[in-house]
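Engineer: Starting off with a structure, shown below.
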Amino acid sequence: MYEDLKKELYKAHMNLEKYRLVAYTSGNVSVKVNNHVIIKPSGIPYDQLKVEDMVVLDMEGNTVEGKLKPSVDSATHLYLYKNLPDVGSIIHTHSPYASAFALLSQPIPVYSTAHADVFGVQVPVSNYAPVGSEAIGKAVIEVVNQAKAVLLSKHGVIVMGKDINETIRKAIFLEEVAQTAYLARTIGNPEPLDEKEAKRLYEFHHSNYGQK
Ligand SMILES: O=C(CO)[C@@H](O)[C@H](O)COP(=O)(O)O
């Protein structure tokens, strides 16, 4: 099933490694298609992962295709897809700079134009929730905003987008934005961008940036 999408999902996992957003087995990417979710198998190191290892689930979490156990975060991904119908792909990582903010339960304010371009508003933090059930998904829904990126208290990050490309891009830029916020705070006390300017930048970026 879904051979092309499985290849795309596999490449997304390779990109997480390439951009140093994950280590060894941490993190996962999923994509929603029809009434199915395709997700990484649990605990397989990235250098051993294969296209055919991707697991197809139904919306209740039953395996429809795949020999391996799906990600421990499957219930989180499924809960988010059920509650956010516009979301078509989800990434979870422990990318270091963004996770540093998550460990402190500190949101990332809109300090930079890059943050405003991609996210428009601050990246919020959800309450602590344990892995392995819908609890993380529920905590994310309580705080999710236009950024569709949430820091998971004491854990890592969840990034959501309409498809795999958008979601990978957001995961990479979230880490860059977190790194610059961290660095700015080590040498001073950055002020957030004016809210109206952040909104203007977000709208410009989403209607004009790139080959649009
Ligand atoms: O954060 C967690 C578990 O605490 C997960 O993201 C693991 O880091 C990866 O789990 P699998 O996707 O391999 O099951």
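The way I read the labels, and the way they are meant: chains A, B, ... in the order of the structure tokens, residue 1 as the first residue of every chain, and ligand 1 as the first ligand shown, with later ones counted on from there.
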Would you tabulate, counting only C-alpha atoms and all ligand atoms, all residues of chain A that have an atom at most 7 Å from an atom of ligand 1, showing the closest pair of atoms and their distance in Å to one decimal, sorted by chain then ascending number, as CSV?
Structural biologist:
residue,atom,partner,partner_atom_place_in_ligand_line,distance
A:Thr25,CA,ligand 1,13 (O),5.3
A:Ser26,CA,ligand 1,8 (O),3.1
A:Gly27,CA,ligand 1,6 (O),3.8
A:Asn28,CA,ligand 1,12 (O),4.8
A:Lys40,CA,ligand 1,12 (O),6.1
A:Pro41,CA,ligand 1,13 (O),6.2
A:Ser42,CA,ligand 1,14 (O),3.3
A:Gly43,CA,ligand 1,13 (O),3.7
A:Ile44,CA,ligand 1,13 (O),6.1
A:Pro70,CA,ligand 1,14 (O),6.6
A:Ser71,CA,ligand 1,14 (O),3.4
A:Val72,CA,ligand 1,14 (O),3.9
A:Asp73,CA,ligand 1,12 (O),5.9
A:His92,CA,ligand 1,6 (O),6.2
A:Thr93,CA,ligand 1,6 (O),6.2
A:Val131,CA,ligand 1,4 (O),5.7
A:His155,CA,ligand 1,1 (O),6.7
Engineer: Return as a list in words the full set of residues in range 73-166 of chain A whose backbone-based DSSP assignment is strand (DSSP E).
Structural biologist: Ser89, Ile90, Ile91, His92, Thr93, Val125, Ser126, Ala149, Val150, Leu151, Leu152, Gly156, Val157, Ile158, Val159, Met160 and Gly161 of chain A
Engineer: Leaving out Glu191 in chain A and any residue of its chain fewer than 3 positions from it, which residues lie within 12 Å of it when counting only C-alpha atoms, given as a list in words?
Structural biologist: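 Residues meeting the cut-off are Ile108, Pro109, Val110, Tyr111, Ser112, Ala181, Ala184, Arg185, Gly188, Asp194 and Glu195 of chain A.
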Engineer: Give me the residues near Val125 in chain A as number ranges by chain, where near means some atom within 9 Å (using only C-alpha atoms) and where sequence neighbours in that chain fewer than 2 positions away do not count.
Structural biologist: A: 101-102, 105-108, 123, 127-128, 140, 143-144, 150-153, 157
Engineer: One decimal, Å: what's the distance from CA of Asp4 in chain A over to CA of Tyr19 in chain A, could you say?
Structural biologist: 22.6 Å
Engineer: For Pro130 in chain A, list every protein, DNA or RNA residue within 10 Å, evaluated using only C-alpha atoms, and leave out those in the same chain fewer than 4 positions away; present the list as a compact mmCIF listing (two decimals) with N, CA and C atoms, in the first residue's frame.
Structural biologist:
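Listing of around.txt after writing:
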# COMPACT_ATOMS: atom_id res chain seq x y z
N GLU A 134 -3.02 8.70 24.53
CA GLU A 134 -3.47 9.96 23.90
C GLU A 134 -3.09 11.19 24.72
N ALA A 135 -2.47 10.98 25.90
CA ALA A 135 -2.24 12.11 26.83
C ALA A 135 -1.45 13.25 26.20
N ILE A 136 -0.42 12.92 25.43
CA ILE A 136 0.38 14.00 24.82
C ILE A 136 -0.47 14.75 23.80
N LYS A 154 9.25 18.97 29.28
CA LYS A 154 10.20 17.94 29.74
C LYS A 154 10.46 16.86 28.69
N HIS A 155 10.17 17.14 27.42
CA HIS A 155 10.24 16.06 26.44
C HIS A 155 10.88 16.50 25.11
Engineer: Can you pull out the residues contacting Val159 in chain A? Cut-off 8 Å, using only C-alpha atoms, and skip same-chain residues under 4 positions away; I want them as JSON, numbers by chain.
Structural biologist: {"A": [90, 91, 92, 148, 149, 150, 167, 170, 171]}
Engineer: Between A:Phe173, A:Tyr79, A:Tyr46, A:Tyr24, which is the closest to Ala98 in chain A once you count only C-alpha atoms?
Structural biologist: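 Closest to Ala98 in chain A of all the choices is A:Phe173.
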Engineer: What gap, in Å, lies between CA of Asp58 in chain A and CA of Lys11 in chain A?
Structural biologist: 22.1 Å
Engineer: Determine which residues of range 62-201 of chain A receive a DSSP assignment of alpha helix (DSSP H), computed from the backbone, and state them as a PyMOL selection string.
Structural biologist: chain A and resi 74-83+96-103+113-118+135-143+164-187+195-201
Engineer: Please dump the current selection as a compact mmCIF listing (two decimals), in the first residue's frame; keep C-alpha atoms.
Structural biologist:
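Now in part33.txt:
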# COMPACT_ATOMS: atom_id res chain seq x y z
CA SER A 74 1.29 6.48 17.39
CA ALA A 75 -1.56 7.31 19.80
CA THR A 76 -0.33 10.92 19.95
CA HIS A 77 -0.23 11.24 16.16
CA LEU A 78 -3.68 9.62 15.76
CA TYR A 79 -5.25 11.87 18.39
CA LEU A 80 -3.89 14.96 16.66
CA TYR A 81 -5.08 13.89 13.19
CA LYS A 82 -8.56 13.23 14.61
CA ASN A 83 -8.73 16.66 16.25
CA PRO A 96 18.24 19.97 21.07
CA TYR A 97 17.68 23.73 21.10
CA ALA A 98 13.89 23.56 20.87
CA SER A 99 13.87 20.79 23.49
CA ALA A 100 15.96 22.97 25.83
CA PHE A 101 13.04 25.43 25.87
CA ALA A 102 10.65 22.47 26.39
CA LEU A 103 12.67 21.22 29.39
CA THR A 113 11.80 37.69 11.21
CA ALA A 114 12.57 34.01 10.46
CA HIS A 115 10.27 32.96 13.31
CA ALA A 116 7.54 35.35 12.11
CA ASP A 117 7.88 34.12 8.50
CA VAL A 118 7.35 30.47 9.30
CA ALA A 135 -2.24 12.11 26.83
CA ILE A 136 0.38 14.00 24.82
CA GLY A 137 -2.11 14.66 22.01
CA LYS A 138 -4.64 16.04 24.50
CA ALA A 139 -2.03 18.30 26.10
CA VAL A 140 -0.99 19.59 22.65
CA ILE A 141 -4.59 20.40 21.66
CA GLU A 142 -4.97 22.55 24.80
CA VAL A 143 -2.26 24.99 23.63
CA ILE A 164 5.42 15.94 4.67
CA ASN A 165 7.35 18.73 2.89
CA GLU A 166 5.74 21.49 4.92
CA THR A 167 6.20 19.61 8.17
CA ILE A 168 9.88 18.83 7.57
CA ARG A 169 10.52 22.47 6.69
CA LYS A 170 8.83 23.58 9.93
CA ALA A 171 10.79 21.07 12.04
CA ILE A 172 14.09 22.34 10.56
CA PHE A 173 13.18 26.01 11.01
CA LEU A 174 11.85 25.47 14.53
CA GLU A 175 15.28 24.21 15.57
CA GLU A 176 17.01 27.16 13.85
CA VAL A 177 14.65 29.64 15.52
CA ALA A 178 15.21 27.99 18.91
CA GLN A 179 18.98 28.09 18.42
CA THR A 180 19.02 31.80 17.60
CA ALA A 181 16.65 32.54 20.51
CA TYR A 182 18.97 30.60 22.81
CA LEU A 183 22.07 32.38 21.50
CA ALA A 184 20.46 35.82 21.74
CA ARG A 185 19.53 35.11 25.35
CA THR A 186 23.09 34.14 26.21
CA ILE A 187 24.38 37.57 25.18
CA GLU A 195 2.83 41.63 16.89
CA LYS A 196 1.48 43.46 13.83
CA GLU A 197 4.85 43.24 12.10
CA ALA A 198 5.05 39.51 12.88
CA LYS A 199 1.60 39.04 11.33
CA ARG A 200 2.58 41.06 8.24
CA LEU A 201 5.76 39.03 7.76
Engineer: Between CA of Gln146 in chain A and CA of Leu21 in chain A, measure the distance and give it in Å to one decimal.
Structural biologist: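 Taking CA of Gln146 in chain A and CA of Leu21 in chain A, their separation equals 22.1 Å.
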